[in-house]
Amino acid sequence: MIIEQIKVGFMDVFCYILGCEATHKALLIDPAGNEEKIVARADSLGLTIEAIVNTHGHPDHTCGNTRIVELTGAKIYMHVLDDQFFNTPEGQSMGRQMGFAPSPPADVVVNDGDTIVVGEEILTVLHTPGHTHGGICLYTGNNLFTGDTLFVGAVGRTDFPGGSMEVMLRSIKDKILSLPDDTIIWPGHDYGGSPSSTVAQEKQFNPYL
């Protein structure tokens with residue numbers, strides 16, 4: 001699998017391009033700014049973007065959805081709970097207050113254990129509530145894309161609607177720390193001392209765990 005990590009926007013969000021080497025099909029995780037740059041990078045790799053997967057519905061992770069859809073025609077995937085909440089007046093007001101463009105509703109809603117296929121690659125959806133009700137991680141091979149559930153040396157904030165530290169720490173324990181120690185952690189923000197980590201490193205050094 002081709003994995004490209006790109007820091008975008010003004011909140012140090014990590015967007016990921018995941019590409020199938022056999023078919024040259026690709027998806028984006030959390031395009032959140034610099035959309036033309038993201039698409040240009042995918043083009044330079046010979047990849048065709050077919051899907052956008054949002055790890056959760058917060059506007060700093062979904063604000064690029066509309067433009068990416070305009071540029072590529074990609075389908076939007078999101079957990080059903082976040083798709084429902086962030087299309088309510090309360091959910092949409094969060095984005096407006098923060099100055100972000102709203103995202104269209106998801107084309108495909110997902111639940112825990114669902115799979116998302118890109119070419120010959122398969123990603124498994126792990127529902128990890130705590131940061132939001134519908135937060136997810138994406139697991140493929142020995143790679144885990146954790147959104148705002150787990151950062152390098154930290155965890156996501158829980159003071160927004162749907163947040164709960166107790167629930168998030170349980171999600172991390174049950175869904176992430178149970179994975180093999182060499183699983184690579186690809187976080188949703190560049191908030192740590194390195195752009196990626198491993199399950200073993202987070203078990204040993206993350207003060208929240």
# chains A, B, ... in the order shown; residues from 1 in each chain; ligands from 1

call {"tool": "select_by_dssp", "arguments": {"residues": "stretch 34-175 of chain A", "states": "strand (DSSP E)", "output": "PDB file with N, CA and C atoms, in the first residue's frame"}}
result
ATOM      1  N   THR A  48      -5.836   7.610  -8.499  1.00  0.00           N
ATOM      2  CA  THR A  48      -7.165   8.179  -8.713  1.00  0.00           C
ATOM      3  C   THR A  48      -7.941   8.120  -7.410  1.00  0.00           C
ATOM      4  N   ILE A  49      -8.325   9.269  -6.889  1.00  0.00           N
ATOM      5  CA  ILE A  49      -9.027   9.342  -5.605  1.00  0.00           C
ATOM      6  C   ILE A  49     -10.490   8.979  -5.802  1.00  0.00           C
ATOM      7  N   GLU A  50     -10.942   7.955  -5.089  1.00  0.00           N
ATOM      8  CA  GLU A  50     -12.314   7.490  -5.224  1.00  0.00           C
ATOM      9  C   GLU A  50     -13.142   7.693  -3.960  1.00  0.00           C
ATOM     10  N   ALA A  51     -12.491   7.937  -2.822  1.00  0.00           N
ATOM     11  CA  ALA A  51     -13.234   8.011  -1.570  1.00  0.00           C
ATOM     12  C   ALA A  51     -12.552   8.953  -0.593  1.00  0.00           C
ATOM     13  N   ILE A  52     -13.367   9.517   0.280  1.00  0.00           N
ATOM     14  CA  ILE A  52     -12.920  10.292   1.433  1.00  0.00           C
ATOM     15  C   ILE A  52     -13.454   9.572   2.661  1.00  0.00           C
ATOM     16  N   VAL A  53     -12.577   9.277   3.615  1.00  0.00           N
ATOM     17  CA  VAL A  53     -13.008   8.674   4.871  1.00  0.00           C
ATOM     18  C   VAL A  53     -12.680   9.655   5.999  1.00  0.00           C
ATOM     19  N   LYS A  75     -16.588   9.641  -3.066  1.00  0.00           N
ATOM     20  CA  LYS A  75     -17.666   9.375  -2.119  1.00  0.00           C
ATOM     21  C   LYS A  75     -17.153   9.611  -0.693  1.00  0.00           C
ATOM     22  N   ILE A  76     -18.019  10.152   0.163  1.00  0.00           N
ATOM     23  CA  ILE A  76     -17.666  10.431   1.549  1.00  0.00           C
ATOM     24  C   ILE A  76     -18.151   9.292   2.445  1.00  0.00           C
ATOM     25  N   TYR A  77     -17.249   8.807   3.308  1.00  0.00           N
ATOM     26  CA  TYR A  77     -17.562   7.760   4.282  1.00  0.00           C
ATOM     27  C   TYR A  77     -17.400   8.347   5.687  1.00  0.00           C
ATOM     28  N   MET A  78     -18.363   8.049   6.582  1.00  0.00           N
ATOM     29  CA  MET A  78     -18.286   8.496   7.970  1.00  0.00           C
ATOM     30  C   MET A  78     -19.114   7.541   8.830  1.00  0.00           C
ATOM     31  N   HIS A  79     -18.742   7.442  10.106  1.00  0.00           N
ATOM     32  CA  HIS A  79     -19.545   6.615  11.004  1.00  0.00           C
ATOM     33  C   HIS A  79     -20.953   7.187  11.102  1.00  0.00           C
ATOM     34  N   VAL A 108     -21.796   7.201   2.273  1.00  0.00           N
ATOM     35  CA  VAL A 108     -21.795   5.855   2.848  1.00  0.00           C
ATOM     36  C   VAL A 108     -21.538   5.989   4.344  1.00  0.00           C
ATOM     37  N   VAL A 109     -22.433   5.442   5.165  1.00  0.00           N
ATOM     38  CA  VAL A 109     -22.200   5.430   6.607  1.00  0.00           C
ATOM     39  C   VAL A 109     -21.665   4.054   7.003  1.00  0.00           C
ATOM     40  N   VAL A 110     -20.760   4.061   7.988  1.00  0.00           N
ATOM     41  CA  VAL A 110     -20.111   2.819   8.393  1.00  0.00           C
ATOM     42  C   VAL A 110     -20.326   2.582   9.881  1.00  0.00           C
ATOM     43  N   THR A 115     -15.859  -2.906   6.420  1.00  0.00           N
ATOM     44  CA  THR A 115     -14.629  -2.779   5.640  1.00  0.00           C
ATOM     45  C   THR A 115     -14.828  -1.757   4.525  1.00  0.00           C
ATOM     46  N   ILE A 116     -13.755  -1.069   4.218  1.00  0.00           N
ATOM     47  CA  ILE A 116     -13.722  -0.110   3.117  1.00  0.00           C
ATOM     48  C   ILE A 116     -12.644  -0.589   2.155  1.00  0.00           C
ATOM     49  N   VAL A 117     -13.004  -0.749   0.899  1.00  0.00           N
ATOM     50  CA  VAL A 117     -12.105  -1.327  -0.090  1.00  0.00           C
ATOM     51  C   VAL A 117     -11.594  -0.229  -1.012  1.00  0.00           C
ATOM     52  N   VAL A 118     -10.299  -0.214  -1.219  1.00  0.00           N
ATOM     53  CA  VAL A 118      -9.690   0.686  -2.204  1.00  0.00           C
ATOM     54  C   VAL A 118      -8.781  -0.173  -3.083  1.00  0.00           C
ATOM     55  N   GLU A 121      -6.854  -3.242  -1.665  1.00  0.00           N
ATOM     56  CA  GLU A 121      -6.573  -3.036  -0.244  1.00  0.00           C
ATOM     57  C   GLU A 121      -7.884  -2.946   0.533  1.00  0.00           C
ATOM     58  N   ILE A 122      -7.850  -3.460   1.767  1.00  0.00           N
ATOM     59  CA  ILE A 122      -9.041  -3.483   2.614  1.00  0.00           C
ATOM     60  C   ILE A 122      -8.718  -2.818   3.946  1.00  0.00           C
ATOM     61  N   LEU A 123      -9.554  -1.845   4.349  1.00  0.00           N
ATOM     62  CA  LEU A 123      -9.433  -1.188   5.640  1.00  0.00           C
ATOM     63  C   LEU A 123     -10.604  -1.627   6.517  1.00  0.00           C
ATOM     64  N   THR A 124     -10.299  -1.947   7.766  1.00  0.00           N
ATOM     65  CA  THR A 124     -11.333  -2.326   8.718  1.00  0.00           C
ATOM     66  C   THR A 124     -11.657  -1.143   9.618  1.00  0.00           C
ATOM     67  N   VAL A 125     -12.931  -0.883   9.793  1.00  0.00           N
ATOM     68  CA  VAL A 125     -13.392   0.213  10.636  1.00  0.00           C
ATOM     69  C   VAL A 125     -13.445  -0.248  12.085  1.00  0.00           C
ATOM     70  N   LEU A 126     -12.761   0.477  12.961  1.00  0.00           N
ATOM     71  CA  LEU A 126     -12.826   0.237  14.406  1.00  0.00           C
ATOM     72  C   LEU A 126     -13.537   1.433  15.032  1.00  0.00           C
ATOM     73  N   HIS A 127     -14.692   1.212  15.600  1.00  0.00           N
ATOM     74  CA  HIS A 127     -15.434   2.296  16.250  1.00  0.00           C
ATOM     75  C   HIS A 127     -14.765   2.602  17.582  1.00  0.00           C
ATOM     76  N   ILE A 136     -13.815   6.931  14.586  1.00  0.00           N
ATOM     77  CA  ILE A 136     -13.334   5.638  14.121  1.00  0.00           C
ATOM     78  C   ILE A 136     -11.826   5.686  13.914  1.00  0.00           C
ATOM     79  N   CYS A 137     -11.221   4.499  13.961  1.00  0.00           N
ATOM     80  CA  CYS A 137      -9.867   4.276  13.477  1.00  0.00           C
ATOM     81  C   CYS A 137      -9.963   3.334  12.290  1.00  0.00           C
ATOM     82  N   LEU A 138      -8.937   3.354  11.453  1.00  0.00           N
ATOM     83  CA  LEU A 138      -8.907   2.523  10.245  1.00  0.00           C
ATOM     84  C   LEU A 138      -7.676   1.647  10.292  1.00  0.00           C
ATOM     85  N   TYR A 139      -7.887   0.338  10.156  1.00  0.00           N
ATOM     86  CA  TYR A 139      -6.822  -0.649  10.356  1.00  0.00           C
ATOM     87  C   TYR A 139      -6.598  -1.418   9.066  1.00  0.00           C
ATOM     88  N   THR A 140      -5.338  -1.431   8.629  1.00  0.00           N
ATOM     89  CA  THR A 140      -4.985  -2.195   7.434  1.00  0.00           C
ATOM     90  C   THR A 140      -3.541  -2.644   7.540  1.00  0.00           C
ATOM     91  N   ASN A 143      -0.914  -1.060   9.934  1.00  0.00           N
ATOM     92  CA  ASN A 143      -1.105   0.384  10.018  1.00  0.00           C
ATOM     93  C   ASN A 143      -2.455   0.703  10.637  1.00  0.00           C
ATOM     94  N   LEU A 144      -2.452   1.658  11.580  1.00  0.00           N
ATOM     95  CA  LEU A 144      -3.688   2.110  12.203  1.00  0.00           C
ATOM     96  C   LEU A 144      -3.751   3.627  12.124  1.00  0.00           C
ATOM     97  N   PHE A 145      -4.802   4.131  11.501  1.00  0.00           N
ATOM     98  CA  PHE A 145      -5.017   5.565  11.362  1.00  0.00           C
ATOM     99  C   PHE A 145      -6.010   5.967  12.448  1.00  0.00           C
ATOM    100  N   THR A 146      -5.526   6.750  13.422  1.00  0.00           N
ATOM    101  CA  THR A 146      -6.259   6.909  14.677  1.00  0.00           C
ATOM    102  C   THR A 146      -7.050   8.201  14.806  1.00  0.00           C
ATOM    103  N   GLY A 147      -7.008   9.083  13.807  1.00  0.00           N
ATOM    104  CA  GLY A 147      -7.763  10.318  13.930  1.00  0.00           C
ATOM    105  C   GLY A 147      -7.396  11.056  15.197  1.00  0.00           C
ATOM    106  N   LEU A 150      -6.149   8.815  19.348  1.00  0.00           N
ATOM    107  CA  LEU A 150      -4.821   8.628  19.934  1.00  0.00           C
ATOM    108  C   LEU A 150      -3.797   9.406  19.124  1.00  0.00           C
ATOM    109  N   PHE A 151      -3.046  10.252  19.814  1.00  0.00           N
ATOM    110  CA  PHE A 151      -1.943  10.981  19.206  1.00  0.00           C
ATOM    111  C   PHE A 151      -0.630  10.347  19.641  1.00  0.00           C
ATOM    112  N   ALA A 154      -0.178  11.406  23.423  1.00  0.00           N
ATOM    113  CA  ALA A 154      -1.351  12.076  23.981  1.00  0.00           C
ATOM    114  C   ALA A 154      -2.615  11.402  23.460  1.00  0.00           C
ATOM    115  N   VAL A 155      -3.759  11.915  23.899  1.00  0.00           N
ATOM    116  CA  VAL A 155      -5.058  11.435  23.419  1.00  0.00           C
ATOM    117  C   VAL A 155      -5.888  12.656  23.039  1.00  0.00           C
TER     118      VAL A 155
END

call {"tool": "residues_around", "arguments": {"residues": "A:His24", "least_positions_apart": "3", "cutoff": "10 Å", "atoms": "only C-alpha atoms", "output": "PyMOL selection string"}}
result
chain A and resi 1-2+18-21+42+45-49+118-120

call {"tool": "closest_atom_pairs", "arguments": {"of": "stretch 58-140 of chain A", "to": "stretch 166-176 of chain A", "cutoff": "7 Å", "atoms": "only C-alpha atoms", "output": "tab-separated table"}}
result
residue	atom	partner	partner_atom	distance
A:Leu126	CA	A:Lys175	CA	6.9
A:Thr128	CA	A:Ser171	CA	5.0
A:Pro129	CA	A:Met168	CA	5.8
A:Gly130	CA	A:Met168	CA	3.7
A:His131	CA	A:Met168	CA	6.4

call {"tool": "write_last_selection", "arguments": {"atoms": "N, CA and C atoms", "output": "PDB file, in the first residue's frame"}}
result
ATOM      1  N   LEU A 126     -12.761   0.477  12.961  1.00  0.00           N
ATOM      2  CA  LEU A 126     -12.826   0.237  14.406  1.00  0.00           C
ATOM      3  C   LEU A 126     -13.537   1.433  15.032  1.00  0.00           C
ATOM      4  N   THR A 128     -14.277   3.836  17.718  1.00  0.00           N
ATOM      5  CA  THR A 128     -13.554   4.237  18.930  1.00  0.00           C
ATOM      6  C   THR A 128     -14.145   5.529  19.477  1.00  0.00           C
ATOM      7  N   PRO A 129     -15.338   5.460  20.062  1.00  0.00           N
ATOM      8  CA  PRO A 129     -15.959   6.673  20.604  1.00  0.00           C
ATOM      9  C   PRO A 129     -15.165   7.221  21.784  1.00  0.00           C
ATOM     10  N   GLY A 130     -15.443   8.475  22.085  1.00  0.00           N
ATOM     11  CA  GLY A 130     -14.770   9.147  23.194  1.00  0.00           C
ATOM     12  C   GLY A 130     -14.425  10.572  22.843  1.00  0.00           C
ATOM     13  N   HIS A 131     -13.808  10.756  21.685  1.00  0.00           N
ATOM     14  CA  HIS A 131     -13.582  12.111  21.171  1.00  0.00           C
ATOM     15  C   HIS A 131     -14.888  12.641  20.589  1.00  0.00           C
TER      16      HIS A 131
END

call {"tool": "select_by_dssp", "arguments": {"residues": "stretch 100-203 of chain A", "states": "helix (DSSP H, G or I)", "output": "PyMOL selection string"}}
result
chain A and resi 165-176+199-203

call {"tool": "closest_residue", "arguments": {"among": "A:Gln92, A:Phe10, A:His56, A:Asn206", "to": "A:Thr149", "atoms": "only C-alpha atoms"}}
result
A:His56

call {"tool": "closest_residue", "arguments": {"among": "A:Asp12, A:Glu35, A:Asp30, A:Asp60", "to": "A:Phe100", "atoms": "only C-alpha atoms"}}
result
A:Asp60

call {"tool": "closest_residue", "arguments": {"among": "A:Ala74, A:Ile17, A:Met94, A:Val152", "to": "A:Asp107", "atoms": "only C-alpha atoms"}}
result
A:Ala74
